[in-house]
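Peer 1: Pasting a structure here, questions to come.
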Amino acid sequence: MGRMSTQETNDRIALLQGTLDLLILKILVLGPCHGQGVARLIQCQSEEVFFVDHGSLYLALQRLEDKKWIRAKWGVSENNRKARFYSLTPKGREQLTEKASEWRRLARAMGLILDSDSGLQSEEA
Amino acid sequence: MFRRKRSPADFAEEIKMHLELEADELQSEGLSEEEARWKARREFGNVRAAQERFYMKGRWVNLDKLWRDLRFGLRSLRQSPGFALTAIFTLALGIGANTAVFSVMNAVLLRSLPVSNPNRLVYLRTSNPPRGTGTIDSAETFSYAVYDALRHQDRGLSPVMAYVPLSSSRVAVRYGADPEEAEGDMVSGTFFSGLGVKLLRGRGFREEDETNHAPIAVISYNYWTRRFARDPDVLGKTLFVNDVAITIVGVAAEGFEGVEGGGSTDFWIPLQNRPELNAWGNPLQDGKNYIANQTWWCLRLVGRLAPGNSRMQAVAQLQPVFQRAAYAGLGTPTEGEKPPILSLADANLSRYNQQYRNPLHMLMAMVGLVLLIALTNVVMLLMARNGVRQREFSVRQALGAGRGALLRQLLAESLILVTAGGVLAWGFAQMATRLLGRWAQIESSLAPDRTVLLFTLGVLVIAAVLFSLAPLRVAMAGGAELALKTSAATSNTDAGKSRAGNVIVALQMALCVVLLVGGGLLIRTLRNLENTSLGMQTDGLVVFGVKPNIQSIPGGVAFYVNLMNKLRALPGVESVTIMEERIGSWSSDNSDMTVDGRLPDAANGSSRTVRSNVVGPDFFRTLGVPVLAGRDFADSDTAASPPVGIINEQFANRFFPNQNPLGHSIGTEDGRYQMTVVGVVRDHKYRSIDEEPIPMAWYMYAQIPMTGAMHVEMRVRGEPLAILPSVRKAVQQMNPNLPLIRPMTQRAQYDLTISSQALFARLAGFFGFLAVVLVATGLYGTLAYRVSVRTAEIGVRMAVGAPRGQVVWMILKGSLLLTAAGVVMGVPPAILMGRALTSSLYGVKPSDGVSYLLAVMGVALVALAASAVPAARAASVDPLTALRTE
């Protein structure tokens, strides 16, 4: 009841807690990027499935910067606007490998459980 | 997150740029400028919220919150000032008492000497002095001959340093025109360099200063402050010590006040060789001072272990040198005599250590128990208060306050209480240590230092954590749903909580029993000491010292004859006598004595030591000591008449068993003075109140070749001290420059010998009392709270016909049960406490029934008193009002 959901499209999924960090790291592995670019890329690459709350994104960027996984520098965007560019640190790179494999294990495990019919049936029986 | 790298403005800028970038992109996808800007904004969501969340991460927010919590805490404490004041004072008393006792313990037992490498420093000790010597302390003092031999070797100890006071109390020092008394030591030339004591100003001593007996002095920092107001030009000023001019050449570093704990030496001079500056202020013996008199063991020695040397090696190397030197001036050891054996002891604050270690540890334990009671008291108060506030907490939880927020608020409140209590405690401790130092006559600085501050802070932190965690349980227990319960009768009953309260109260009572038993035992010890018969009539006795400057022996006798005659003539004076050693002043002159011309056999290993004193006519009549056989000294005993002596019962029984001692002769160990026994007196207390009598002999002053200071004892009618003005006038008629030294009643002099026991007992009693007060407040608070929450229940009971007596009994029964439980739990540890106190007791057994009975009755009485008011309040509950309160 507390939060009215006003998302116009139902096929967009709000990001799971903790996944945003991983996505940011993955985007930045391609090269330095500013916040708006990161948001766009996440949305595009997930084929518009993920909906990124921009406020949360910037706080996540700040959090990663505080953890020294990424670093930031003011620069100029391709269309000549001032923007804060983020790039991956070596520590961030390590984290990406680690987090990504963690995530894959999790996804695989989830898949195993969700795809097995026997479980569902026995429960219904 | 205490270091903020980015400003909120920078963050805002980034978001602004994001919106512009997004708008650009949307525009390039075909939207109009207006539409693109609007959509970018909408996509982003709440910009302000993001900025706020960024801001919230910073440290200023935490400070903001802390500040808000503190203000809130202050406000809510101000709403219950009774609670706040009780809690703060309880804390201040508990922590203050602990800080005070700890700082005394720290100063006396823990603080190490302010010298370099104190662990390589050792005191020299001897098993016993050789026969035929006089000593100050049979284990701790040495002859000059021994010192001289030891310092001239440099293998075991390097260097060996001697130090010896210029007076057994204080020495006369004049600076400018103002005479005063100060504590001064004569020391080796290597004293400052060997100890590694730094000089704040000027220089220390050199070895040639000792050889030349240079008339120079180093003063202590405290003396410099007290006497010279830290005058930077103090060097080169002249002090007159016993009228000898001494030039100040240095000021010692702050904190150095001698090599013994609790000491407060004001100045040091190199070892001197002149009659006015003899060791301990003694008159010359046969014209010899401490250097010439090889059989006077009067110097204290301290040494530094030579590099690479262990204590055992040092002893092994020094032992032969020591044993040879010990017999200088004595010849060979007598047959069968045990040779003295040198040993080395840790140079930490030894004398005070022995005297105060046990009492201080006991006091620390007691005061720790008091603290425990105080802390649990405050915890109970907090729990009771927060119990009442449970609905407030529930409402706040229901409104969305998290556990964290509640915890922060409780933390803030306890922080306020603990800070206020701590500040008050520190001030209280400062005052208490000053008082303690004065009462215990510990002259070195007891002021709390950094160690003490850390100790106190530690206690405060523990208190703060305890105070915020304990009540949190209660605060959270209610949960949000409690706000929905509307009846006070149902919302405040929690059996588990009151059970925890009961356990705490019973434990407090147990601790209280322990403290009361300890205090009771010690106070009964003090009563016993105070009521111990001295074996004399002290009422009406007044004593003072005089120190005339007379060179010839007949001149000295004439002075005292004249003085006694003058004093006897004063109105109100019954009798007057004199003595060399003031009785009841802890000191005594001990030696072996010959009986009928030879050293007596000491029956089965008992000691041959005899105490002696040199006294004047009418000595025993004046003191009121019964003469059992023979006579007292009289004016007619003079240098011309046959020498006479008087002995006590112990002497008679040990050395003249089954004979009449009258007419036998006794003499000094070297056989130079022989006296005929003319009287036997009853045993009485000589040095102190708690001593056991030992054999003792008295000589007549007029027959012993001595001059110098004596103490005058007067028996007067009426108030003893009232005679002093006329005495002063009489003395000044003889010599206008002669002051009365430490005039006081003889009783007061004896009481000084139990001052440390008295202090110990009073403090223990005070802590017991404090415990009682704290337990009473705690119990009262708990019961009052319970009655207040049970008002509705009591109302119902009364409405259905319970008589008032039954209601009162219900409350009283609870506290009596708690008392019984507390007593049962308290007695075993009290027995342990009693056992630990054994060595401090006098005339009381550790299992003294009266003390236990009084302690138990005390606790029961307190419990009843504390329950009386709440019980009365319960009885006066009006059923109708009680039920209507909702």
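All residue names refer to the structure tokens as shown: chains lettered A, B, ... in order, residues numbered from 1 in each chain, ligands numbered from 1 in order.
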Counting only C-alpha atoms, which residues of chain B fall within 10 Å of chain A, and what is the closest atom pair for each with its distance in Å at one decimal, ordered by chain and rising number, as JSON lines?

Peer 2:
```
{"residue": "B:Met1", "atom": "CA", "partner": "A:Asp66", "partner_atom": "CA", "distance": 9.0}
{"residue": "B:Arg3", "atom": "CA", "partner": "A:Asp66", "partner_atom": "CA", "distance": 9.9}
{"residue": "B:Arg4", "atom": "CA", "partner": "A:Asp66", "partner_atom": "CA", "distance": 9.3}
{"residue": "B:Lys5", "atom": "CA", "partner": "A:Asp66", "partner_atom": "CA", "distance": 8.7}
{"residue": "B:Arg6", "atom": "CA", "partner": "A:Gln62", "partner_atom": "CA", "distance": 9.2}
{"residue": "B:Asp10", "atom": "CA", "partner": "A:Arg84", "partner_atom": "CA", "distance": 9.7}
{"residue": "B:Phe11", "atom": "CA", "partner": "A:Tyr58", "partner_atom": "CA", "distance": 8.6}
{"residue": "B:Glu13", "atom": "CA", "partner": "A:Ala83", "partner_atom": "CA", "distance": 8.9}
{"residue": "B:Glu14", "atom": "CA", "partner": "A:Arg84", "partner_atom": "CA", "distance": 6.4}
{"residue": "B:Ile15", "atom": "CA", "partner": "A:Tyr58", "partner_atom": "CA", "distance": 8.1}
{"residue": "B:Lys16", "atom": "CA", "partner": "A:Ala83", "partner_atom": "CA", "distance": 9.5}
{"residue": "B:Met17", "atom": "CA", "partner": "A:Ala83", "partner_atom": "CA", "distance": 6.2}
{"residue": "B:His18", "atom": "CA", "partner": "A:Gln36", "partner_atom": "CA", "distance": 5.4}
{"residue": "B:Leu19", "atom": "CA", "partner": "A:Gln36", "partner_atom": "CA", "distance": 8.0}
{"residue": "B:Glu20", "atom": "CA", "partner": "A:Arg81", "partner_atom": "CA", "distance": 8.2}
{"residue": "B:Leu21", "atom": "CA", "partner": "A:Gln36", "partner_atom": "CA", "distance": 6.9}
{"residue": "B:Glu22", "atom": "CA", "partner": "A:Gln36", "partner_atom": "CA", "distance": 6.6}
{"residue": "B:Asp24", "atom": "CA", "partner": "A:Asn79", "partner_atom": "CA", "distance": 8.5}
{"residue": "B:Glu25", "atom": "CA", "partner": "A:Asn79", "partner_atom": "CA", "distance": 9.6}
{"residue": "B:Glu43", "atom": "CA", "partner": "A:His54", "partner_atom": "CA", "distance": 7.6}
{"residue": "B:Phe44", "atom": "CA", "partner": "A:His54", "partner_atom": "CA", "distance": 5.1}
{"residue": "B:Gly45", "atom": "CA", "partner": "A:His54", "partner_atom": "CA", "distance": 7.0}
{"residue": "B:Asn46", "atom": "CA", "partner": "A:Gly55", "partner_atom": "CA", "distance": 7.2}
{"residue": "B:Val47", "atom": "CA", "partner": "A:Gly55", "partner_atom": "CA", "distance": 6.8}
{"residue": "B:Arg48", "atom": "CA", "partner": "A:Gly55", "partner_atom": "CA", "distance": 9.1}
{"residue": "B:Ala49", "atom": "CA", "partner": "A:Gly55", "partner_atom": "CA", "distance": 7.7}
{"residue": "B:Ala50", "atom": "CA", "partner": "A:Gly55", "partner_atom": "CA", "distance": 4.8}
{"residue": "B:Gln51", "atom": "CA", "partner": "A:Gly55", "partner_atom": "CA", "distance": 8.0}
{"residue": "B:Arg53", "atom": "CA", "partner": "A:Leu59", "partner_atom": "CA", "distance": 7.8}
{"residue": "B:Phe54", "atom": "CA", "partner": "A:Leu59", "partner_atom": "CA", "distance": 6.5}
{"residue": "B:Lys57", "atom": "CA", "partner": "A:Leu59", "partner_atom": "CA", "distance": 9.6}
```

Peer 1: Using Å and a single decimal, report how far atom CA of Cys298 of chain B sits from atom CA of Ala325 of chain B.

Peer 2: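 Between atom CA of Ala325 of chain B and atom CA of Cys298 of chain B the gap is 14.6 Å.
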
Peer 1: Could you work out how far atom CA of Trp698 of chain B lies from atom CA of Ile723 of chain B, giving the answer in Å with one decimal?

Peer 2: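 Result for atom CA of Ile723 of chain B versus atom CA of Trp698 of chain B: 27.3 Å, one decimal.
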
Peer 1: I'd like the contact shell of Gly597 of chain B - 8 Å cut-off, only C-alpha atoms, skipping same-chain residues fewer than 6 positions apart - returned as an MDAnalysis selection string.

Peer 2: chainID B and resid 665:667 671

Peer 1: Quick check, in Å to one decimal: how far apart do atom CA of Leu853 of chain B and atom CA of Ala868 of chain B lie?

Peer 2: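 Those two atoms sit 22.2 Å apart.
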
Peer 1: Taking the DSSP assignment computed from this structure's backbone, write out as a ChimeraX atom specification all residues of segment 8-82 of chain A that belong to strand (DSSP E or B).

Peer 2: /A:13-14,33-34,50-51,70-76,82
